[in-house]
file model_30.txt (compact mmCIF, C-alpha atoms and all ligand atoms)
# COMPACT_ATOMS: atom_id res chain seq x y z
CA MET A 1 111.31 84.68 59.80
CA LEU A 2 109.61 82.83 62.63
CA LYS A 3 107.60 85.72 64.09
CA ASP A 4 104.03 84.50 64.74
CA LYS A 5 104.75 81.15 63.07
CA ARG A 6 102.96 78.29 64.83
CA ILE A 7 105.36 75.55 65.79
CA VAL A 8 104.28 72.31 67.43
CA LEU A 9 107.34 70.79 69.11
CA GLY A 10 107.14 67.05 69.74
CA ILE A 11 109.56 65.68 72.33
CA THR A 12 110.24 61.97 72.69
CA GLY A 13 112.07 59.93 75.30
CA GLY A 14 115.81 60.13 74.75
CA ILE A 15 118.59 61.73 76.76
CA ALA A 16 118.73 64.62 74.23
CA ALA A 17 115.23 65.61 75.45
CA TYR A 18 116.90 68.12 77.78
CA LYS A 19 118.07 70.05 74.71
CA SER A 20 114.45 70.64 73.68
CA ALA A 21 114.28 73.29 76.42
CA GLU A 22 116.91 75.33 74.60
CA LEU A 23 115.20 74.72 71.27
CA THR A 24 111.94 76.05 72.72
CA ARG A 25 113.75 79.13 74.01
CA GLU A 26 115.27 79.81 70.60
CA PHE A 27 111.86 79.55 68.90
CA ILE A 28 110.34 81.86 71.51
CA LYS A 29 113.22 84.35 71.12
CA LYS A 30 112.31 84.51 67.44
CA GLU A 31 108.72 85.29 68.48
CA ALA A 32 107.24 82.03 67.22
CA ALA A 33 104.13 80.61 68.91
CA VAL A 34 105.21 77.27 70.36
CA ARG A 35 103.01 74.43 71.63
CA VAL A 36 104.78 71.42 73.12
CA VAL A 37 103.68 67.80 72.92
CA MET A 38 105.59 65.24 74.97
CA THR A 39 105.45 61.46 75.02
CA LYS A 40 105.26 59.71 78.40
CA ASN A 41 108.89 58.62 78.02
CA ALA A 42 110.01 62.18 77.26
CA ALA A 43 108.51 63.26 80.59
CA GLU A 44 110.94 60.84 82.30
CA PHE A 45 113.86 62.93 80.95
CA ILE A 46 112.54 66.48 81.28
CA THR A 47 109.49 67.79 83.08
CA PRO A 48 106.48 69.25 81.26
CA LEU A 49 106.69 72.13 83.75
CA THR A 50 110.06 73.21 82.28
CA LEU A 51 108.64 73.33 78.77
CA GLN A 52 105.40 74.92 79.92
CA THR A 53 107.36 77.70 81.62
CA LEU A 54 109.47 78.29 78.51
CA CYS A 55 106.68 78.27 75.93
CA GLY A 56 104.06 79.91 78.17
CA HIS A 57 101.35 77.29 77.51
CA PRO A 58 100.27 73.97 79.00
CA VAL A 59 102.17 71.02 77.59
CA PHE A 60 100.26 68.16 75.95
CA THR A 61 101.22 64.76 77.33
CA ASP A 62 98.07 62.72 77.45
CA LEU A 63 95.60 61.97 74.69
CA TYR A 64 92.81 61.42 77.20
CA ALA A 65 93.55 64.22 79.67
CA PRO A 66 90.63 66.61 80.26
CA LEU A 67 91.23 69.81 78.32
CA THR A 68 92.72 72.66 80.31
CA ASP A 69 92.13 76.39 79.76
CA PHE A 70 93.78 76.06 76.40
CA ASP A 71 91.18 73.94 74.62
CA MET A 72 93.05 72.23 71.90
CA ALA A 73 92.47 68.59 71.15
CA HIS A 74 95.00 66.58 69.17
CA ILE A 75 93.18 67.20 65.91
CA SER A 76 93.17 70.97 66.35
CA LEU A 77 96.87 70.84 67.29
CA ALA A 78 97.43 69.12 63.95
CA GLU A 79 95.49 71.90 62.21
CA TYR A 80 97.07 74.65 64.28
CA ALA A 81 100.65 73.82 63.24
CA ASP A 82 102.50 75.65 60.48
CA VAL A 83 105.19 73.06 61.12
CA ILE A 84 105.68 70.11 63.46
CA VAL A 85 109.21 69.53 64.75
CA ILE A 86 110.05 66.29 66.53
CA ALA A 87 113.28 66.82 68.48
CA PRO A 88 114.66 64.56 69.70
CA ALA A 89 113.06 61.80 67.64
CA THR A 90 113.83 58.32 68.97
CA ALA A 91 113.98 55.12 66.88
CA ASN A 92 110.65 54.26 68.51
CA ILE A 93 108.76 57.35 67.26
CA ILE A 94 110.31 57.00 63.80
CA GLY A 95 109.10 53.39 63.68
CA LYS A 96 105.62 54.31 64.91
CA ILE A 97 105.13 57.12 62.39
CA ALA A 98 106.49 54.93 59.57
CA ALA A 99 103.96 52.25 60.55
CA GLY A 100 101.10 54.74 60.61
CA MET A 101 100.46 54.20 64.32
CA ALA A 102 98.49 56.69 66.37
CA ASP A 103 98.45 55.57 69.98
CA ASP A 104 99.42 58.73 71.85
CA ILE A 105 98.99 62.47 71.47
CA LEU A 106 102.17 62.98 69.40
CA THR A 107 101.61 60.19 66.88
CA THR A 108 97.93 61.14 66.59
CA THR A 109 98.84 64.76 65.90
CA VAL A 110 101.46 63.77 63.31
CA LEU A 111 99.09 61.41 61.53
CA ALA A 112 96.33 64.04 61.43
CA THR A 113 98.38 67.00 60.20
CA LYS A 114 98.83 68.45 56.74
CA ALA A 115 101.71 70.66 57.94
CA PRO A 116 105.34 69.78 57.15
CA VAL A 117 106.88 67.48 59.76
CA LEU A 118 110.58 67.81 60.56
CA ILE A 119 112.13 64.82 62.30
CA CYS A 120 115.41 65.35 64.18
CA PRO A 121 116.72 61.95 65.26
CA ALA A 122 118.91 61.35 68.29
CA MET A 123 119.81 57.85 69.38
CA ASN A 124 122.58 55.34 69.99
CA VAL A 125 124.88 54.94 66.96
CA ASN A 126 124.06 51.24 66.51
CA MET A 127 120.35 51.97 66.66
CA TYR A 128 120.76 54.64 63.99
CA ASP A 129 122.76 52.14 61.91
CA ASN A 130 120.13 49.43 62.30
CA ALA A 131 118.63 48.40 58.96
CA ILE A 132 115.08 48.62 60.34
CA VAL A 133 115.59 52.22 61.47
CA LYS A 134 117.17 53.06 58.11
CA GLU A 135 114.24 51.46 56.31
CA ASN A 136 111.75 53.41 58.43
CA ILE A 137 113.59 56.66 57.69
CA SER A 138 113.53 55.92 53.95
CA ARG A 139 109.79 55.23 54.15
CA LEU A 140 109.22 58.53 55.90
CA THR A 141 111.32 60.63 53.51
CA ALA A 142 109.66 58.92 50.53
CA ARG A 143 106.32 60.09 51.95
CA GLY A 144 107.44 63.70 52.28
CA TYR A 145 108.50 63.81 55.92
CA LEU A 146 111.56 66.00 56.36
CA LEU A 147 114.55 64.57 58.13
CA MET A 148 117.71 66.12 59.50
CA GLU A 149 120.82 63.96 59.63
CA PRO A 150 121.95 63.47 63.23
CA GLY A 151 125.28 65.03 64.16
CA TYR A 152 128.54 63.16 64.65
CA GLY A 153 130.31 63.03 67.98
CA GLU A 154 130.43 61.48 71.42
CA LEU A 155 127.05 60.12 72.46
CA ALA A 156 125.60 59.87 75.97
CA CYS A 157 126.19 56.09 75.88
CA LYS A 158 129.96 56.83 75.56
CA THR A 159 130.16 55.64 71.96
CA GLU A 160 131.16 57.87 69.08
CA GLY A 161 129.38 58.21 65.75
CA TYR A 162 126.23 59.57 64.15
CA GLY A 163 123.35 59.83 66.58
CA ARG A 164 123.63 63.23 68.27
CA LEU A 165 120.69 65.58 68.04
CA PRO A 166 121.48 68.11 65.27
CA GLU A 167 122.77 71.38 66.75
CA ILE A 168 119.98 73.69 67.98
CA PRO A 169 120.85 76.63 65.63
CA ASP A 170 120.80 74.17 62.71
CA ILE A 171 117.32 72.92 63.66
CA VAL A 172 116.09 76.52 63.97
CA GLU A 173 117.57 77.38 60.56
CA GLU A 174 115.96 74.29 59.01
CA VAL A 175 112.56 75.39 60.36
CA GLU A 176 113.15 78.92 59.01
CA SER A 177 113.93 77.40 55.63
CA ILE A 178 110.85 75.13 55.64
CA LEU A 179 108.58 78.10 56.37
CA THR A 180 110.11 80.47 53.80
CA PRO A 181 108.53 80.68 50.32
CA LYS A 182 111.05 79.70 47.64
CA ASP A 183 110.78 82.83 45.49
CA LEU A 184 114.49 82.77 44.52
CA GLN A 185 114.43 79.17 43.32
CA GLY A 186 116.50 78.81 40.15
CA GLU A 187 118.76 81.76 40.99
CA THR A 188 122.47 81.36 41.69
CA ILE A 189 123.72 84.06 44.01
CA LEU A 190 127.26 85.08 44.84
CA VAL A 191 127.68 87.04 48.07
CA THR A 192 130.91 88.52 49.40
CA ALA A 193 131.17 89.39 53.07
CA GLY A 194 133.47 90.49 55.84
CA PRO A 195 136.65 92.51 55.83
CA THR A 196 139.83 91.79 53.93
CA ARG A 197 143.17 91.47 55.64
CA GLU A 198 146.23 93.14 54.09
CA PRO A 199 149.45 91.82 55.65
CA PHE A 200 152.54 93.99 55.92
CA ASP A 201 154.77 91.41 57.54
CA PRO A 202 154.26 87.79 58.68
CA VAL A 203 152.65 88.84 62.00
CA ARG A 204 150.74 92.05 61.23
CA TYR A 205 148.03 93.26 58.91
CA ILE A 206 145.70 96.16 58.12
CA THR A 207 141.96 95.50 58.19
CA ASN A 208 138.63 97.17 59.08
CA TYR A 209 135.76 96.70 61.53
CA SER A 210 133.47 94.66 59.27
CA SER A 211 132.00 91.65 61.13
CA GLY A 212 130.52 90.03 58.02
CA LYS A 213 127.05 89.86 59.64
CA MET A 214 125.20 91.70 56.85
CA GLY A 215 126.73 89.55 54.08
CA TYR A 216 126.15 86.30 55.98
CA ALA A 217 122.53 87.31 56.64
CA LEU A 218 122.07 87.92 52.91
CA ALA A 219 123.60 84.56 52.02
CA ILE A 220 121.46 82.69 54.58
CA VAL A 221 118.21 84.43 53.62
CA ALA A 222 118.90 83.91 49.89
CA LYS A 223 119.40 80.20 50.59
CA ARG A 224 116.17 80.07 52.62
CA ARG A 225 114.38 81.62 49.67
CA GLY A 226 115.56 78.80 47.44
CA ALA A 227 118.66 80.22 45.75
CA LYS A 228 121.90 78.32 45.28
CA VAL A 229 124.40 80.45 47.17
CA THR A 230 128.18 80.86 47.17
CA LEU A 231 129.59 82.95 50.00
CA ILE A 232 133.09 84.37 49.60
CA SER A 233 134.16 85.63 52.97
CA GLY A 234 137.05 87.50 54.44
CA PRO A 235 138.13 86.54 57.98
CA THR A 236 135.19 86.76 60.43
CA ALA A 237 134.20 85.15 63.71
CA LEU A 238 131.00 83.71 62.17
CA PRO A 239 130.48 80.01 61.47
CA ALA A 240 130.25 78.98 57.80
CA PRO A 241 126.50 78.68 57.10
CA ARG A 242 125.08 75.24 56.25
CA ASP A 243 124.07 74.31 52.69
CA ILE A 244 126.00 77.24 51.23
CA LYS A 245 129.20 76.93 49.21
CA PHE A 246 131.74 78.67 51.40
CA VAL A 247 135.01 80.12 50.13
CA ALA A 248 137.34 81.62 52.75
CA VAL A 249 139.74 84.34 51.60
CA ALA A 250 142.02 86.80 53.37
CA SER A 251 143.23 89.68 51.19
CA ALA A 252 141.44 91.81 48.59
CA VAL A 253 143.52 90.15 45.86
CA ASP A 254 142.42 86.68 47.12
CA MET A 255 138.81 87.90 47.14
CA ARG A 256 139.10 89.22 43.60
CA ASP A 257 140.50 85.88 42.37
CA ALA A 258 137.71 83.94 44.11
CA VAL A 259 135.03 86.27 42.71
CA MET A 260 136.40 85.97 39.17
CA GLU A 261 136.44 82.18 39.53
CA HIS A 262 132.82 81.96 40.71
CA TYR A 263 130.84 84.85 39.19
CA ARG A 264 130.25 83.37 35.72
CA HIS A 265 127.49 80.91 36.59
CA CYS A 266 125.73 83.41 38.89
CA THR A 267 122.59 85.38 38.09
CA ILE A 268 122.94 87.79 41.03
CA ILE A 269 126.10 89.15 42.68
CA ILE A 270 125.94 90.97 46.02
CA LYS A 271 129.16 92.63 47.16
CA ALA A 272 128.65 93.21 50.87
CA ALA A 273 132.35 92.81 51.72
CA ALA A 274 134.27 95.75 53.13
CA VAL A 275 137.25 95.42 50.81
CA ALA A 276 140.42 97.25 51.82
CA ASP A 277 141.17 99.83 49.16
CA PHE A 278 144.91 99.64 49.78
CA LYS A 279 147.48 96.93 50.43
CA CYS A 280 151.12 97.24 51.43
CA SER A 281 153.47 97.98 48.57
CA THR A 282 156.13 95.60 49.76
CA GLU A 283 155.71 92.16 51.17
CA ASN A 284 158.12 91.76 54.05
CA CYS A 285 159.01 88.10 54.55
CA ASN A 286 160.41 88.83 57.99
CA LYS A 287 158.90 90.70 60.90
CA ILE A 288 159.65 94.44 60.69
CA LYS A 289 161.88 95.34 63.62
CA LYS A 290 162.12 98.66 65.41
CA LYS A 291 165.32 100.50 64.64
CA GLY A 292 167.11 102.51 67.30
CA ASP A 293 164.89 105.24 68.62
CA ASP A 294 162.29 105.08 65.82
CA THR A 295 159.15 106.95 66.85
CA VAL A 296 157.50 106.97 63.44
CA MET A 297 156.97 104.15 61.00
CA ILE A 298 155.93 104.81 57.43
CA LEU A 299 154.11 102.14 55.48
CA GLU A 300 153.73 102.57 51.76
CA LEU A 301 150.39 101.41 50.39
CA THR A 302 149.21 100.64 46.86
CA ARG A 303 145.64 100.48 45.49
CA ASN A 304 143.88 97.12 45.60
CA PRO A 305 141.78 95.99 42.65
CA ASP A 306 138.27 97.48 42.64
CA ILE A 307 136.44 94.15 42.41
CA ILE A 308 132.95 95.53 41.93
CA GLY A 309 134.21 98.08 39.41
CA GLU A 310 135.66 95.22 37.38
CA LEU A 311 132.43 93.23 37.68
CA GLY A 312 130.45 96.26 36.53
CA MET A 313 132.29 96.13 33.21
CA ILE A 314 131.77 92.40 32.58
CA LYS A 315 128.49 91.60 34.33
CA GLU A 316 126.32 91.25 31.17
CA HIS A 317 122.80 90.10 32.23
CA ARG A 318 123.72 89.61 35.90
CA ILE A 319 122.19 91.76 38.63
CA LEU A 320 125.00 93.49 40.50
CA VAL A 321 124.37 94.86 43.99
CA GLY A 322 126.91 96.98 45.84
CA PHE A 323 127.16 98.45 49.31
CA ALA A 324 128.33 101.93 50.12
CA ALA A 325 129.98 102.48 53.48
CA GLU A 326 129.72 106.22 54.08
CA THR A 327 130.14 108.67 56.92
CA GLU A 328 128.82 111.79 55.14
CA ASN A 329 126.70 112.77 52.11
CA ILE A 330 125.40 109.21 52.14
CA LEU A 331 122.79 109.40 49.40
CA GLU A 332 124.95 111.47 47.03
CA ASN A 333 128.04 109.29 47.45
CA ALA A 334 126.06 106.07 47.12
CA SER A 335 124.28 107.30 43.98
CA GLU A 336 127.62 108.20 42.46
CA LYS A 337 129.01 104.70 43.17
CA LEU A 338 125.86 103.14 41.70
CA LYS A 339 126.42 105.03 38.46
CA ASN A 340 130.23 104.89 38.24
CA LYS A 341 130.45 101.18 38.98
CA ASN A 342 127.54 100.23 36.69
CA LEU A 343 125.51 98.63 39.50
CA ASP A 344 121.83 97.71 39.48
CA LEU A 345 121.25 98.53 43.13
CA ILE A 346 123.26 100.01 45.97
CA VAL A 347 122.72 99.69 49.70
CA ALA A 348 124.09 102.69 51.55
CA ASN A 349 124.82 102.70 55.24
CA ASP A 350 126.15 105.27 57.62
CA VAL A 351 129.16 103.50 59.13
CA GLY A 352 129.84 106.43 61.44
CA LYS A 353 126.56 106.03 63.33
CA SER A 354 126.75 104.03 66.58
CA GLY A 355 124.43 101.06 67.19
CA ILE A 356 124.22 100.10 63.51
CA GLY A 357 126.53 98.91 60.75
CA PHE A 358 129.95 97.44 61.50
CA GLY A 359 129.82 94.73 64.17
CA SER A 360 126.20 95.37 65.15
CA ASP A 361 123.28 92.92 64.73
CA ASN A 362 121.22 95.83 63.41
CA ASN A 363 121.50 98.13 60.48
CA GLU A 364 119.74 101.10 58.94
CA VAL A 365 120.17 101.55 55.20
CA ILE A 366 119.04 103.41 52.12
CA ILE A 367 118.45 101.22 49.07
CA VAL A 368 119.05 103.20 45.90
CA GLU A 369 117.79 102.08 42.48
CA THR A 370 119.15 103.12 39.08
CA SER A 371 116.00 105.20 38.57
CA GLY A 372 117.15 107.35 41.47
CA ARG A 373 114.40 106.05 43.73
CA ALA A 374 115.74 105.72 47.27
CA LYS A 375 114.08 103.65 49.99
CA HIS A 376 114.98 104.34 53.59
CA VAL A 377 114.95 101.19 55.74
CA PRO A 378 114.82 102.14 59.43
CA ILE A 379 116.91 100.40 62.08
CA MET A 380 116.16 96.68 62.28
CA ALA A 381 117.93 93.29 62.46
CA LYS A 382 120.36 92.61 59.61
CA GLU A 383 118.38 89.46 58.82
CA GLU A 384 115.22 91.53 58.26
CA ILE A 385 117.20 94.00 56.14
CA ALA A 386 118.47 91.05 54.07
CA TYR A 387 114.83 90.15 53.22
CA ILE A 388 114.15 93.74 52.12
CA ILE A 389 117.31 93.95 49.97
CA LEU A 390 116.41 90.65 48.29
CA ASP A 391 112.87 91.95 47.70
CA SER A 392 114.44 94.89 45.83
CA VAL A 393 116.51 92.44 43.78
CA ARG A 394 113.33 90.52 42.94
CA LYS A 395 111.72 93.76 41.84
CA ILE A 396 114.53 94.20 39.26
CA MET A 397 114.11 90.57 38.16
CA LYS A 398 110.36 91.03 37.68
CA LYS A 399 110.87 94.27 35.76
CA ARG A 400 113.35 92.59 33.42
CA LYS A 401 110.98 89.67 32.91
CA ARG A 402 108.17 92.08 31.99
CA VAL A 403 110.41 93.90 29.51
CA LYS A 404 111.41 90.56 27.96
CA GLU A 405 107.75 89.45 27.69
CA ASP A 406 106.77 92.77 26.09
CA TRP A 407 109.61 92.33 23.63
CA TYR A 408 108.38 88.96 22.36
N1 LIG A 501 134.51 97.24 46.66
C1 LIG A 501 135.18 96.35 45.87
N2 LIG A 501 136.55 96.45 45.76
C2 LIG A 501 137.24 97.39 46.41
C3 LIG A 501 136.55 98.32 47.22
C4 LIG A 501 135.18 98.22 47.32
O1 LIG A 501 134.56 95.50 45.27
N3 LIG A 501 138.55 97.45 46.29
C5 LIG A 501 133.05 97.18 46.72
C6 LIG A 501 132.45 96.93 48.10
O2 LIG A 501 132.27 95.53 48.32
C7 LIG A 501 131.14 97.66 48.03
C8 LIG A 501 131.40 98.80 47.06
O3 LIG A 501 132.57 98.44 46.35
O4 LIG A 501 130.11 96.86 47.47
C9 LIG A 501 131.63 100.13 47.71
O5 LIG A 501 132.60 100.03 48.72
P1 LIG A 501 133.04 101.30 49.55
O6 LIG A 501 134.15 100.92 50.48
O7 LIG A 501 131.82 101.95 50.13
O8 LIG A 501 133.53 102.30 48.44
P2 LIG A 501 134.80 102.43 47.57
O9 LIG A 501 134.45 102.05 46.18
O10 LIG A 501 135.93 101.68 48.17
O11 LIG A 501 135.04 104.00 47.63
P3 LIG A 501 135.49 104.93 48.86
O12 LIG A 501 136.24 104.04 49.84
O13 LIG A 501 136.33 105.96 48.22
O14 LIG A 501 134.23 105.47 49.44

call {"tool": "encode", "arguments": {"input": "model_30.txt", "output": "structure tokens"}}
result
Amino acid sequence: MLKDKRIVLGITGGIAAYKSAELTREFIKKEAAVRVVMTKNAAEFITPLTLQTLCGHPVFTDLYAPLTDFDMAHISLAEYADVIVIAPATANIIGKIAAGMADDILTTTVLATKAPVLICPAMNVNMYDNAIVKENISRLTARGYLLMEPGYGELACKTEGYGRLPEIPDIVEEVESILTPKDLQGETILVTAGPTREPFDPVRYITNYSSGKMGYALAIVAKRRGAKVTLISGPTALPAPRDIKFVAVASAVDMRDAVMEHYRHCTIIIKAAAVADFKCSTENCNKIKKKGDDTVMILELTRNPDIIGELGMIKEHRILVGFAAETENILENASEKLKNKNLDLIVANDVGKSGIGFGSDNNEVIIVETSGRAKHVPIMAKEEIAYIILDSVRKIMKKRKRVKEDWY
């Protein structure tokens, strides 16, 4: 998470410089401490005053300017940074850094820092294609600079191709990932998320209120922590996360098939999906029509496969985490599911409580271990809860490792 992380944002002179205002806002929303450095050309596209207002600190534009109330010279900016992000990065700045030049406040800061440097290029498609630019990029990546591929699309110069500044949420996610310790490296995690959709004719279906936010947060945080992640998702309004294998499914039966296809090579399985327990007994190929004065319609439902129950029987060494959506006797019901389904951990939430759970960005859960120990996690963002759930998973991993070491 970016709270209190120190980000130095370098802005260079391209038309995409206006997007750096939104990037600053996103960093600030996540409670990061942002200091902005602009080249002279960047200040032709967007004013330092805009960035100063957004980040709440004077903007650095001139290597030789007398220090203001915030006394940070270029060297201390380089030391201050947990990460330096250059967005947009022009062909010019890429060339200057690759050549080891230090003739303004941004290049001087970059050359003097030991922090990771993320370069987000944005330029004309032909410039990006130019062999010299490509060579400079290769030199930088070979030296450990981090580079995001520019996006594809229509560019300001009315051409189409690669050269757009990567999308702002993608840059923010990349920075999150850079600053997150990789304590799940080597793990392969399967996460299911969202609702399932059980059709009863070609135009109608039964579903539930799950938004998928908790499962997606788990998948994204697991990826940030270095795991290889597969996300099997029912229909949601959320975008498929980057750098995660994404499998879209609709019904519980589809989800079961996808889980059975992917679980084998996984070390951890987290079933956050709100799977419909029942599906329609008959599949109507045509739309069900009203008949006469019908005032009641009866649908016959049959049980869906209990995916996690099946996994509990075949999981072997894998860590299996379930969720319990409850409206009453939360701890008792969750503990029963933990035991009956042979899980290693269960996350119980009160889906009847307003402001948390289904559809909300926040949640409040109880994490129950097989020992019976239950940890209450008060209301907080689902992303923060994802970190805590994965910490509990790591606790199980560590415990198993200790047992194994004692054994040998
Ligand atoms: N689950 C599943 N397959 C189903 C139903 C649920 O894999 N057909 C999983 C969910 O993903 C969740 C856990 O089982 O991890 C518990 O889901 P929940 O809906 O709380 O409980 P159920 O087992 O369906 O029991 P009940 O609805 O009776 O509370």

call {"tool": "atom_distance", "arguments": {"input": "model_30.txt", "atom1": "atom CA of A:Ala32", "atom2": "atom CA of A:Lys5"}}
result
4.9 Å

call {"tool": "closest_residue", "arguments": {"input": "model_30.txt", "among": "A:Ser76, A:Ser371, A:Thr267, A:Ser251", "to": "A:Gln185", "atoms": "all atoms listed in the file"}}
result
A:Thr267

call {"tool": "residues_near_ligand", "arguments": {"input": "model_30.txt", "ligand": "ligand LIG 501 (chain A)", "cutoff": "9 Å", "atoms": "only C-alpha atoms and all ligand atoms", "output": "PyMOL selection string"}}
result
chain A and resi 192-193+252-253+255-256+270-278+303-311+321-326+333-334+337-338+341+346-349

call {"tool": "atom_distance", "arguments": {"input": "model_30.txt", "atom1": "atom CA of A:Asp103", "atom2": "atom CA of A:Ser138"}}
result
22.0 Å

call {"tool": "residues_around", "arguments": {"input": "model_30.txt", "residues": "A:Thr282", "least_positions_apart": "2", "cutoff": "8 Å", "atoms": "all atoms listed in the file", "output": "VMD selection string"}}
result
chain A and resid 200 280 284 300

call {"tool": "atom_distance", "arguments": {"input": "model_30.txt", "atom1": "atom CA of A:Gly355", "atom2": "atom CA of A:Ile367"}}
result
19.1 Å

call {"tool": "residues_around", "arguments": {"input": "model_30.txt", "residues": "A:Glu316", "least_positions_apart": "4", "cutoff": "12 Å", "atoms": "only C-alpha atoms", "output": "ChimeraX atom specification"}}
result
/A:263-269,310-312,320,342-344

call {"tool": "residues_around", "arguments": {"input": "model_30.txt", "residues": "A:Gly352", "least_positions_apart": "2", "cutoff": "8 Å", "atoms": "only C-alpha atoms", "output": "PyMOL selection string"}}
result
chain A and resi 326-327+350+354

call {"tool": "residues_around", "arguments": {"input": "model_30.txt", "residues": "A:Phe358", "least_positions_apart": "6", "cutoff": "8 Å", "atoms": "all atoms listed in the file", "output": "list in words"}}
result
Tyr209, Ser210, Ser211 and Val351 of chain A

call {"tool": "closest_residue", "arguments": {"input": "model_30.txt", "among": "A:Tyr408, A:Thr141, A:Leu165, A:Thr113", "to": "A:Val125", "atoms": "only C-alpha atoms"}}
result
A:Leu165

call {"tool": "residues_near_point", "arguments": {"input": "model_30.txt", "point": "(107.3, 64.3, 73.0)", "cutoff": "12 Å", "atoms": "all atoms listed in the file", "output": "PyMOL selection string"}}
result
chain A and resi 8-14+16-18+20-21+35-48+51+59-62+84-90+92-93+104-110+119

call {"tool": "residues_near_point", "arguments": {"input": "model_30.txt", "point": "(124.2, 90.8, 62.9)", "cutoff": "8 Å", "atoms": "only C-alpha atoms", "output": "mmCIF file with C-alpha atoms, in the frame of the given file"}}
result
data_model
loop_
_atom_site.group_PDB
_atom_site.id
_atom_site.type_symbol
_atom_site.label_atom_id
_atom_site.label_comp_id
_atom_site.auth_asym_id
_atom_site.auth_seq_id
_atom_site.Cartn_x
_atom_site.Cartn_y
_atom_site.Cartn_z
ATOM 1 C CA LYS A 213 127.050 89.860 59.640
ATOM 2 C CA MET A 214 125.200 91.700 56.850
ATOM 3 C CA ALA A 217 122.530 87.310 56.640
ATOM 4 C CA GLY A 359 129.820 94.730 64.170
ATOM 5 C CA SER A 360 126.200 95.370 65.150
ATOM 6 C CA ASP A 361 123.280 92.920 64.730
ATOM 7 C CA ASN A 362 121.220 95.830 63.410
ATOM 8 C CA ALA A 381 117.930 93.290 62.460
ATOM 9 C CA LYS A 382 120.360 92.610 59.610
ATOM 10 C CA GLU A 383 118.380 89.460 58.820
#

call {"tool": "closest_residue", "arguments": {"input": "model_30.txt", "among": "A:Ser335, A:Thr196, A:Ser233, A:Thr24", "to": "A:Val259", "atoms": "all atoms listed in the file"}}
result
A:Ser233
